[in-house]
Amino acid sequence: MNLSLVDPFVLAQDCPEVITGRLREQHIANAPRAGSGHSTSIRFSHRGDLLASGRHDGIVVVFDIETNGVARKLRGHTRQIQSLSWSTNDRFLLSAGQDWKCVLWDLKDGSRVRTVRFESAIFIAELHPKDHMIFAAALFEDQPVLVDMSAEVPVKHTLPTAPRRSQTEREKATEKQAAQDAKQTTTVTVFTPSANHILAGTNKGWLNIIDTRTHEVLYSYRVTNSLIVLIRMTQSGRDVVLNSSDRIIRTFLLPDLSNPNLDFDMLELKVQHKFQDLVQRLSWNHVTFSSAGDYVAATTYMNHHVYIWERGQGSLVKILEGTKEELSVLEWHPFRPFVAAIGVDSGRVWLWSILQPQRWSALAPDFVEVEENVEYIEKEDEFDIQPLEELHKRRLDQEDEEVDVLTIDPVKTNAQHEPGEFRMPVLLDIEASDSEDEIVAVGAGQFRRRSPGAGKEYMNDDEVGVSGDEVRRTNGSTTGGTKRRRA
Amino acid sequence: MAHDRDRATSPKRRREDDDDDNHTGSPPRKRSASHTPPNGSPGFRLAERPRRYSRDHGEDDREYYRDRMSPRSRSRSHTPSRSRSRSGSRTSSQRRSASPQMTPPPPKPTQLHYKQSLILRGHKKGVTSVKFSPDGRWIASSSADCTIKIWDARTGALEHTLEGHLAGISTISWSPDSKVLASGSDDKSIRLWDISTGMAHPTPLIGHHNYVYAIAFSPKGNMLVSGSFDEAVYLWDVRAARVMRSLPAHSDPVGGVDFVRDGTLITSCSHDGLIRVWDTSTGQCLRTLIHEDNAPVTSVIFSPNGKYVLAWTLDSSIRLWNYIEGKGKCVKTYQGHTNNKYSLAGAFGTYGAEPPYEYAFVVSGSEEGGIVLWDVSTKNVLQRLEGGHSEAVLSVDTHPTEKLIASGSLDRTVRVWKETVPPPEAVLEAVAGASTSANGYDPETLPSNTFTES
């Protein structure tokens with residue numbers, strides 16, 4: 001509703017300009033920071049009002065972007081969070097941790113819906129866009145899997161990694177090549193928005209398009225010779241950005257994959273843009289598309305900057321700065337010129353956006369912003385004294401227009417929550433449960449170190465049966481503990 | 001700025017300056033004043049009210065009821081082809097003569113027939129604010145006796161009495177899920193109450209330097225905006241109970257605040273005569289509305305669709321502003337009630353048929369003890385609810401789905417009014433005589449209720 005009142009010049013800006021702050025996790029101003037709250041992975045919800053942040057200690061914190069504060073804490077992982085993925089309705093959140101677990105959270109009550117264990121570390125786990133009980137995961141030195149969690153015991157379907165070869169290629173293939181194909185592993189998997197296909201990148205630089213139903217590789221394309229780090233797509237599913245360890249970011253245009261007439265054998269992908277820094281030979285930590293896909297942003301390795309390229313011309317348009325540390329994971333808000341990135345050293349989530357100057361003309365109805373001096377010309381009747389009564393009457397008589405205070409205009413932004421849609425409940429005692437820090441305030445200005453082991457009971461739980469609420473309750477009664485790791 | 005403050009007294013002193021009834025100089029008495037003030041002017045008669053609004057629609061009345069009586073007009077259902085989208089530019093004549101080949105749309109009622117259905121007694125001092133919960137189940141009422149009472153909206157049974165504030169309570173607001181009630185008090189704090197248990201949340205929102213005058217929850221329930229006698233508007237993070245943002249709002253006590261339906265805008269009003277519209281996300285002032293008379297603005301709400309703001313001023317007027325177009329423009333002025341002293345608060349309601357023929361009314365209390373309902377577009381008085389409250393009606397709210405009105409008054413009662421269908425004879429009489437009937441308070445219609453008997 002505010003769009004009609006905001007300065008159109010501000011609205012026209014679609015690229016963040018300046019650092020505007022960071023997410024606040026701690027509100028006790030005096031309490032010394034004790035190493036917790038180190039973020040390792042972030043992801044915006046689809047509606048853009050929440051940001052999930054996975055932390056070094058395995059806790060997933062959901063931030064409210066509007067209040068810049070913690071909305072919910074999810075405890076269940078014992079190691080650093082590797083990746084996060086939201087369900088389309090923003091009710092479920094999938095987190096993958098370095099404890100080789102994936103957890104599906106229900107944000108309605110913070111409970112764990114499913115916990116899925118793996119035999120190896122997880123690179124990335126992405127939720128199916130249409131069914132939150134299915135996800136795809138890329139595993140370390142293992143075949144990628146498509147996991148169906150709808151049953152109590154999750155079913156894991158192995159997905160292929162070996163690139164698809166044409167008939168002639170297969171005949172010509174030597175033993176060595178076959179062995180090489182078998183040795184390849186997938187490093188990243190992403191669902192297309194239609195969910196019919198999975199894009200997978202391998203450690204040998206192949207991009208595979210896998211059919212979600214048949215689990216077959218439909219199409220393969222060798223992008224580069226080095227490992228593919230990350231693949232991201234736009235909402236439309238037609239644009240792909242791909243970060244590989246050869247220090248080049250590539251963008252592709254995909255055909256409409258769900259088109260039944262599409263012949264994958266005839267398909268030929270072409271690199272649209274290659275973004276790289278030829279002078280400094282920078283390598284890129286993380287890439288992301290802007291909301292509409294007009295820009296590509298990337299954080300740099302051993303450098304404090306966020307690079308933003310514009311895709312029309314393929315030119316570098318902006319370098320965001322303001323932090324004194326290297327940045328790792330970078331996320332662009334789903335529809336605003338707003339970027340969040342994690343600082344590698346502090347683990348803080350930094351935010352960049354645009355600054356809106358106060359328009360002085362808004363402060364009083366008779367204020368006008370002018371470019372230069374204007375000589376005021378008095379109106380003929382400006383200072384005429386008119387009988388108050390008459391003035392009043394005339395004014396009332398002029399109010400003859402029909403007003404409609406009920407009809408709601410359809411809105412354009414996707415930020416709107418439809419009635420009946422899921423909304424995360426507001427927890428009032430979030431601060432009281434915010435007590436996993438090692439040092440707790442016990443009184444005015446007094447702090448003590450907390451007893452070891454307390455408050456980390458969830459680390460001893462063996463998965464599924466424990467809901468987040470029970471964990472929360474035990475946390476409320478006892479006070480947290482030191483970082484005890486399971487051996 | 002156009003308004004000059006000639007009196008630079010402290011808010012405290014100005015507040016105690018109770019004898020001065022001249023509204024332009026002094027702010028109104030607080031809603032939760034701890035003494036029961038004398039009734040404004042009891043000699044109020046219907047005949048004394050200006051006739052300009054009721055004179056010109058006598059013919060419409062007759063036309064409406066004749067139409068209503070004819071059997072043909074009974075079974076009307078709007079066909080899809082007729083359900084066009086409503087736009088503000090459509091005039092009433094267009095609405096009446098929609099499409100000649102089809103049955104004409106149901107005529108716009110010119111009268112409403114709300115009748116008192118419940119009296120909720122229990123507050124020991126004046127009732128300052130009444131609010132229906134968003135799910136329609138509860139009525140919350142706050143009072144100068146430092147308590148909030150939660151009533152069942154259907155039966156009138158008292159569910160909870162919320163005690164904990166140290167001073168009178170001026171304002172309450174429901175969270176959108178109807179589970180939490182927030183209250184702003186003269187003890188400078190805002191408290192959150194759990195409705196299922198009736199307990200206060202342990203951490204109140206503390207930060208205001210003076211009486212909290214008005215609060216409103218954001219549509220998501222994650223933020224709260226508050227206006228205070230200390231002239232500040234604060235935006236709170238409800239979860240963390242901290243001030244997110246302080247809006248450099250006004251130069252006089254803030255009387256009312258509200259969130260627009262999607263939460264992106266906040267409006268606030270003050271006794272300095274300004275109504276401001278703010279961007280929630282940046283905290284910047286986007287619009288300032290001011291009426292030439294510069295009367296103190298005591299209460300402000302957004303319209304249900306968020307395109308207008310409705311503001312109560314101490315010159316016995318309620319003004320509807322279009323804040324979007326140009327620099328903002330007053331489009332309607334509703335008069336016919338008395339309001340020179342207290343911060344009255346009211347609401348929008350709907351009447352008529354299904355959506356294409358649904359109309360909106362504005363309802364507000366009056367310092368004479370009446371409640372007035374105006375049609376939004378024509379500014380005609382649709383009904384006056386009189387004979388119920390004996391003192392100033394400070395707060396009125398409408399039920400989110402049903403045709404119910406709740407009102408709270410300085411006479412310590414909360415009353416619930418229900419729309420009734422009048423018998424046809426009575427209608428004709430009402431049309432023949434002036435529009436004074438159908439408002440009478442009828443004790444026989446009241447259900448016996450142990451909770452509500454004093």
# chains A, B, ... in the order shown; residues from 1 in each chain; ligands from 1
$ residues_around --residues "region 81-84 of chain A" --least-positions-apart "2" --cutoff "9 Å" --atoms "only C-alpha atoms" --output "VMD selection string"
chain A and resid 39 to 43 52 to 60 77 to 79 86 93 to 99 122 to 127
$ interface_residues --of "chain A" --to "chain B" --cutoff "6 Å" --atoms "only C-alpha atoms" --output "list in words"
Asn2, Thr67, Ala362, Leu363, Ala364, Pro365, Glu399, Glu402, Val403, Asp404, Val405, Leu406, Thr407, Ile408, Leu427, Leu428 and Glu431 of chain A
$ closest_residue --among "B:Glu354, B:Arg412, B:Ile169, B:Trp174" --to "Pro219 (chain B)" --atoms "only C-alpha atoms"
B:Trp174
$ residues_around --residues "Gln180 (chain A)" --least-positions-apart "2" --cutoff "12 Å" --atoms "only C-alpha atoms" --output "PDB file with N, CA, C and O atoms, in the first residue's frame"
ATOM      1  N   THR A 161      24.947 -39.536 -11.852  1.00  0.00           N
ATOM      2  CA  THR A 161      25.893 -38.445 -12.012  1.00  0.00           C
ATOM      3  C   THR A 161      26.533 -38.480 -13.384  1.00  0.00           C
ATOM      4  O   THR A 161      26.807 -37.439 -13.981  1.00  0.00           O
ATOM      5  N   ALA A 162      26.757 -39.680 -13.873  1.00  0.00           N
ATOM      6  CA  ALA A 162      27.478 -39.823 -15.138  1.00  0.00           C
ATOM      7  C   ALA A 162      26.758 -39.069 -16.241  1.00  0.00           C
ATOM      8  O   ALA A 162      25.544 -39.196 -16.390  1.00  0.00           O
ATOM      9  N   PRO A 163      27.466 -38.265 -16.999  1.00  0.00           N
ATOM     10  CA  PRO A 163      26.804 -37.480 -18.043  1.00  0.00           C
ATOM     11  C   PRO A 163      26.242 -38.374 -19.132  1.00  0.00           C
ATOM     12  O   PRO A 163      26.734 -39.480 -19.372  1.00  0.00           O
ATOM     13  N   ALA A 173      33.645 -44.992 -26.469  1.00  0.00           N
ATOM     14  CA  ALA A 173      34.170 -44.753 -25.141  1.00  0.00           C
ATOM     15  C   ALA A 173      35.201 -45.804 -24.747  1.00  0.00           C
ATOM     16  O   ALA A 173      34.999 -46.998 -24.939  1.00  0.00           O
ATOM     17  N   THR A 174      36.273 -45.331 -24.237  1.00  0.00           N
ATOM     18  CA  THR A 174      37.300 -46.234 -23.754  1.00  0.00           C
ATOM     19  C   THR A 174      36.984 -46.640 -22.333  1.00  0.00           C
ATOM     20  O   THR A 174      36.113 -46.058 -21.680  1.00  0.00           O
ATOM     21  N   GLU A 175      37.686 -47.600 -21.833  1.00  0.00           N
ATOM     22  CA  GLU A 175      37.493 -48.039 -20.450  1.00  0.00           C
ATOM     23  C   GLU A 175      37.838 -46.922 -19.493  1.00  0.00           C
ATOM     24  O   GLU A 175      37.179 -46.719 -18.473  1.00  0.00           O
ATOM     25  N   LYS A 176      38.869 -46.184 -19.882  1.00  0.00           N
ATOM     26  CA  LYS A 176      39.342 -45.118 -19.010  1.00  0.00           C
ATOM     27  C   LYS A 176      38.252 -44.069 -18.818  1.00  0.00           C
ATOM     28  O   LYS A 176      37.992 -43.608 -17.707  1.00  0.00           O
ATOM     29  N   GLN A 177      37.623 -43.772 -19.946  1.00  0.00           N
ATOM     30  CA  GLN A 177      36.582 -42.746 -19.881  1.00  0.00           C
ATOM     31  C   GLN A 177      35.409 -43.218 -19.028  1.00  0.00           C
ATOM     32  O   GLN A 177      34.855 -42.457 -18.237  1.00  0.00           O
ATOM     33  N   ALA A 178      35.038 -44.455 -19.186  1.00  0.00           N
ATOM     34  CA  ALA A 178      33.936 -45.011 -18.398  1.00  0.00           C
ATOM     35  C   ALA A 178      34.277 -44.971 -16.915  1.00  0.00           C
ATOM     36  O   ALA A 178      33.432 -44.642 -16.076  1.00  0.00           O
ATOM     37  N   ALA A 182      32.403 -42.873 -13.949  1.00  0.00           N
ATOM     38  CA  ALA A 182      31.926 -43.501 -12.722  1.00  0.00           C
ATOM     39  C   ALA A 182      32.473 -42.792 -11.494  1.00  0.00           C
ATOM     40  O   ALA A 182      31.860 -42.811 -10.434  1.00  0.00           O
ATOM     41  N   LYS A 183      33.633 -42.190 -11.666  1.00  0.00           N
ATOM     42  CA  LYS A 183      34.253 -41.538 -10.509  1.00  0.00           C
ATOM     43  C   LYS A 183      33.661 -40.157 -10.223  1.00  0.00           C
ATOM     44  O   LYS A 183      33.889 -39.592  -9.167  1.00  0.00           O
ATOM     45  N   GLN A 184      32.949 -39.614 -11.199  1.00  0.00           N
ATOM     46  CA  GLN A 184      32.404 -38.265 -11.013  1.00  0.00           C
ATOM     47  C   GLN A 184      31.403 -38.235  -9.870  1.00  0.00           C
ATOM     48  O   GLN A 184      30.663 -39.195  -9.663  1.00  0.00           O
ATOM     49  N   THR A 185      31.370 -37.147  -9.149  1.00  0.00           N
ATOM     50  CA  THR A 185      30.320 -36.982  -8.148  1.00  0.00           C
ATOM     51  C   THR A 185      29.616 -35.657  -8.386  1.00  0.00           C
ATOM     52  O   THR A 185      30.191 -34.718  -8.955  1.00  0.00           O
ATOM     53  N   ASN A 203      31.661 -32.528 -10.180  1.00  0.00           N
ATOM     54  CA  ASN A 203      32.994 -32.055  -9.856  1.00  0.00           C
ATOM     55  C   ASN A 203      33.891 -31.988 -11.085  1.00  0.00           C
ATOM     56  O   ASN A 203      35.001 -31.493 -11.016  1.00  0.00           O
ATOM     57  N   LYS A 204      33.443 -32.515 -12.211  1.00  0.00           N
ATOM     58  CA  LYS A 204      34.224 -32.412 -13.443  1.00  0.00           C
ATOM     59  C   LYS A 204      33.662 -31.348 -14.382  1.00  0.00           C
ATOM     60  O   LYS A 204      34.003 -31.307 -15.557  1.00  0.00           O
TER      61      LYS A 204
END
$ select_by_dssp --residues "region 195-437 of chain A" --states "strand (DSSP E or B)" --output "PyMOL selection string"
chain A and resi 197-202+206-211+217-222+228-233+239-244+249-253+271-275+284-289+295-300+306-310+315-320+327-332+339-343+349-353
$ residues_around --residues "Leu327 (chain A)" --least-positions-apart "2" --cutoff "12 Å" --atoms "only C-alpha atoms" --output "PDB file with N, CA and C atoms, in the first residue's frame"
ATOM      1  N   SER A  39      26.944 -17.189  11.863  1.00  0.00           N
ATOM      2  CA  SER A  39      26.119 -17.685  10.782  1.00  0.00           C
ATOM      3  C   SER A  39      26.973 -18.363   9.721  1.00  0.00           C
ATOM      4  N   THR A  40      26.460 -19.445   9.146  1.00  0.00           N
ATOM      5  CA  THR A  40      27.202 -20.102   8.074  1.00  0.00           C
ATOM      6  C   THR A  40      26.381 -20.250   6.805  1.00  0.00           C
ATOM      7  N   SER A  41      25.075 -20.054   6.905  1.00  0.00           N
ATOM      8  CA  SER A  41      24.244 -20.245   5.728  1.00  0.00           C
ATOM      9  C   SER A  41      22.972 -19.431   5.913  1.00  0.00           C
ATOM     10  N   TRP A 284      35.140 -16.729  -6.690  1.00  0.00           N
ATOM     11  CA  TRP A 284      33.850 -16.286  -6.156  1.00  0.00           C
ATOM     12  C   TRP A 284      33.348 -17.275  -5.134  1.00  0.00           C
ATOM     13  N   ASN A 285      32.952 -16.742  -3.979  1.00  0.00           N
ATOM     14  CA  ASN A 285      32.460 -17.616  -2.922  1.00  0.00           C
ATOM     15  C   ASN A 285      31.044 -18.084  -3.196  1.00  0.00           C
ATOM     16  N   HIS A 286      30.206 -17.170  -3.628  1.00  0.00           N
ATOM     17  CA  HIS A 286      28.787 -17.486  -3.708  1.00  0.00           C
ATOM     18  C   HIS A 286      28.170 -16.550  -4.737  1.00  0.00           C
ATOM     19  N   VAL A 287      27.218 -17.050  -5.489  1.00  0.00           N
ATOM     20  CA  VAL A 287      26.554 -16.195  -6.473  1.00  0.00           C
ATOM     21  C   VAL A 287      25.054 -16.242  -6.251  1.00  0.00           C
ATOM     22  N   ALA A 298      27.844 -11.520  -6.625  1.00  0.00           N
ATOM     23  CA  ALA A 298      28.759 -12.551  -6.147  1.00  0.00           C
ATOM     24  C   ALA A 298      29.642 -11.994  -5.049  1.00  0.00           C
ATOM     25  N   THR A 299      29.935 -12.842  -4.073  1.00  0.00           N
ATOM     26  CA  THR A 299      30.917 -12.479  -3.057  1.00  0.00           C
ATOM     27  C   THR A 299      32.264 -13.050  -3.482  1.00  0.00           C
ATOM     28  N   THR A 300      33.299 -12.388  -3.033  1.00  0.00           N
ATOM     29  CA  THR A 300      34.631 -12.722  -3.521  1.00  0.00           C
ATOM     30  C   THR A 300      35.464 -13.380  -2.435  1.00  0.00           C
ATOM     31  N   TYR A 301      36.320 -14.257  -2.894  1.00  0.00           N
ATOM     32  CA  TYR A 301      37.218 -14.968  -1.982  1.00  0.00           C
ATOM     33  C   TYR A 301      38.357 -14.034  -1.585  1.00  0.00           C
ATOM     34  N   MET A 302      38.657 -13.960  -0.310  1.00  0.00           N
ATOM     35  CA  MET A 302      39.745 -13.142   0.230  1.00  0.00           C
ATOM     36  C   MET A 302      39.560 -11.663  -0.098  1.00  0.00           C
ATOM     37  N   ASN A 303      38.361 -11.225  -0.112  1.00  0.00           N
ATOM     38  CA  ASN A 303      38.096  -9.855  -0.501  1.00  0.00           C
ATOM     39  C   ASN A 303      36.810  -9.430   0.212  1.00  0.00           C
ATOM     40  N   HIS A 304      36.626  -8.134   0.401  1.00  0.00           N
ATOM     41  CA  HIS A 304      35.507  -7.697   1.233  1.00  0.00           C
ATOM     42  C   HIS A 304      34.308  -7.224   0.414  1.00  0.00           C
ATOM     43  N   HIS A 305      34.273  -7.518  -0.841  1.00  0.00           N
ATOM     44  CA  HIS A 305      33.305  -6.854  -1.704  1.00  0.00           C
ATOM     45  C   HIS A 305      32.258  -7.806  -2.250  1.00  0.00           C
ATOM     46  N   VAL A 306      31.132  -7.208  -2.619  1.00  0.00           N
ATOM     47  CA  VAL A 306      30.096  -7.918  -3.364  1.00  0.00           C
ATOM     48  C   VAL A 306      30.063  -7.286  -4.752  1.00  0.00           C
ATOM     49  N   TYR A 307      30.268  -8.086  -5.773  1.00  0.00           N
ATOM     50  CA  TYR A 307      30.238  -7.597  -7.149  1.00  0.00           C
ATOM     51  C   TYR A 307      28.838  -7.810  -7.703  1.00  0.00           C
ATOM     52  N   LEU A 320      29.595  -3.564  -3.874  1.00  0.00           N
ATOM     53  CA  LEU A 320      29.106  -3.212  -2.546  1.00  0.00           C
ATOM     54  C   LEU A 320      30.227  -3.428  -1.546  1.00  0.00           C
ATOM     55  N   GLU A 321      30.380  -2.473  -0.674  1.00  0.00           N
ATOM     56  CA  GLU A 321      31.418  -2.621   0.339  1.00  0.00           C
ATOM     57  C   GLU A 321      30.879  -2.095   1.659  1.00  0.00           C
ATOM     58  N   GLY A 322      31.730  -2.085   2.649  1.00  0.00           N
ATOM     59  CA  GLY A 322      31.306  -1.579   3.943  1.00  0.00           C
ATOM     60  C   GLY A 322      31.683  -2.505   5.067  1.00  0.00           C
ATOM     61  N   THR A 323      31.995  -3.738   4.760  1.00  0.00           N
ATOM     62  CA  THR A 323      32.407  -4.639   5.823  1.00  0.00           C
ATOM     63  C   THR A 323      33.931  -4.712   5.832  1.00  0.00           C
ATOM     64  N   LYS A 324      34.437  -5.168   6.959  1.00  0.00           N
ATOM     65  CA  LYS A 324      35.880  -5.321   7.059  1.00  0.00           C
ATOM     66  C   LYS A 324      36.242  -6.795   7.076  1.00  0.00           C
ATOM     67  N   GLU A 325      35.450  -7.597   6.434  1.00  0.00           N
ATOM     68  CA  GLU A 325      35.721  -9.025   6.428  1.00  0.00           C
ATOM     69  C   GLU A 325      35.258  -9.623   5.116  1.00  0.00           C
ATOM     70  N   VAL A 329      28.222 -16.563   2.115  1.00  0.00           N
ATOM     71  CA  VAL A 329      26.943 -16.787   1.441  1.00  0.00           C
ATOM     72  C   VAL A 329      26.238 -15.454   1.196  1.00  0.00           C
ATOM     73  N   LEU A 330      25.687 -15.326   0.003  1.00  0.00           N
ATOM     74  CA  LEU A 330      25.051 -14.081  -0.418  1.00  0.00           C
ATOM     75  C   LEU A 330      23.641 -14.407  -0.883  1.00  0.00           C
ATOM     76  N   GLU A 331      22.677 -13.604  -0.440  1.00  0.00           N
ATOM     77  CA  GLU A 331      21.297 -13.844  -0.857  1.00  0.00           C
ATOM     78  C   GLU A 331      20.647 -12.534  -1.250  1.00  0.00           C
ATOM     79  N   ALA A 340      21.658  -9.688   1.429  1.00  0.00           N
ATOM     80  CA  ALA A 340      22.214 -10.096   2.714  1.00  0.00           C
ATOM     81  C   ALA A 340      23.403 -11.005   2.450  1.00  0.00           C
ATOM     82  N   ALA A 341      24.453 -10.832   3.227  1.00  0.00           N
ATOM     83  CA  ALA A 341      25.640 -11.675   3.077  1.00  0.00           C
ATOM     84  C   ALA A 341      26.247 -11.935   4.442  1.00  0.00           C
ATOM     85  N   ILE A 342      26.883 -13.087   4.559  1.00  0.00           N
ATOM     86  CA  ILE A 342      27.481 -13.477   5.834  1.00  0.00           C
ATOM     87  C   ILE A 342      28.942 -13.061   5.838  1.00  0.00           C
ATOM     88  N   GLY A 343      29.354 -12.477   6.928  1.00  0.00           N
ATOM     89  CA  GLY A 343      30.773 -12.194   7.123  1.00  0.00           C
ATOM     90  C   GLY A 343      31.468 -13.453   7.620  1.00  0.00           C
ATOM     91  N   VAL A 344      32.572 -13.763   6.981  1.00  0.00           N
ATOM     92  CA  VAL A 344      33.226 -15.029   7.300  1.00  0.00           C
ATOM     93  C   VAL A 344      33.803 -15.009   8.721  1.00  0.00           C
ATOM     94  N   ASP A 345      34.382 -13.893   9.122  1.00  0.00           N
ATOM     95  CA  ASP A 345      35.062 -13.870  10.418  1.00  0.00           C
ATOM     96  C   ASP A 345      34.091 -13.744  11.577  1.00  0.00           C
ATOM     97  N   SER A 346      33.154 -12.820  11.470  1.00  0.00           N
ATOM     98  CA  SER A 346      32.270 -12.570  12.598  1.00  0.00           C
ATOM     99  C   SER A 346      31.023 -13.439  12.548  1.00  0.00           C
ATOM    100  N   GLY A 347      30.692 -13.956  11.382  1.00  0.00           N
ATOM    101  CA  GLY A 347      29.466 -14.717  11.253  1.00  0.00           C
ATOM    102  C   GLY A 347      28.225 -13.859  11.303  1.00  0.00           C
ATOM    103  N   ARG A 348      28.400 -12.576  11.138  1.00  0.00           N
ATOM    104  CA  ARG A 348      27.233 -11.693  11.138  1.00  0.00           C
ATOM    105  C   ARG A 348      26.597 -11.648   9.760  1.00  0.00           C
ATOM    106  N   VAL A 349      25.335 -11.323   9.756  1.00  0.00           N
ATOM    107  CA  VAL A 349      24.623 -11.174   8.487  1.00  0.00           C
ATOM    108  C   VAL A 349      24.530  -9.686   8.186  1.00  0.00           C
ATOM    109  N   TRP A 350      25.221  -9.270   7.137  1.00  0.00           N
ATOM    110  CA  TRP A 350      25.237  -7.862   6.744  1.00  0.00           C
ATOM    111  C   TRP A 350      24.178  -7.609   5.687  1.00  0.00           C
ATOM    112  N   LEU A 351      23.661  -6.408   5.695  1.00  0.00           N
ATOM    113  CA  LEU A 351      22.558  -6.074   4.794  1.00  0.00           C
ATOM    114  C   LEU A 351      22.912  -4.852   3.958  1.00  0.00           C
TER     115      LEU A 351
END
$ closest_residue --among "B:Glu163, B:Asp258, B:Asp145, B:Asp252" --to "Ser226 (chain B)" --atoms "only C-alpha atoms"
B:Asp258
$ residues_around --residues "Val155 (chain A)" --least-positions-apart "6" --cutoff "10 Å" --atoms "only C-alpha atoms" --output "ChimeraX atom specification"
/A:116,134,145-149
$ residues_around --residues "region 223-234 of chain A" --least-positions-apart "5" --cutoff "8 Å" --atoms "only C-alpha atoms" --output "ChimeraX atom specification"
/A:187-190,192,199-207,239-246,286-289,291-293
$ atom_distance --atom1 "CA of Ser183 (chain B)" --atom2 "CA of Ser170 (chain B)"
7.7 Å
$ residues_around --residues "Leu253 (chain A)" --least-positions-apart "3" --cutoff "8 Å" --atoms "only C-alpha atoms" --output "list in words"
Arg238, Asp239, Val240, Leu269, Lys270, Val271 and Gln272 of chain A
$ atom_distance --atom1 "CA of Val416 (chain B)" --atom2 "CA of Ser117 (chain B)"
5.6 Å
$ atom_distance --atom1 "CA of Leu166 (chain B)" --atom2 "CA of Ala144 (chain B)"
10.3 Å
$ select_by_dssp --residues "region 178-208 of chain A" --states "alpha helix (DSSP H)" --output "PyMOL selection string"
chain A and resi 178-183
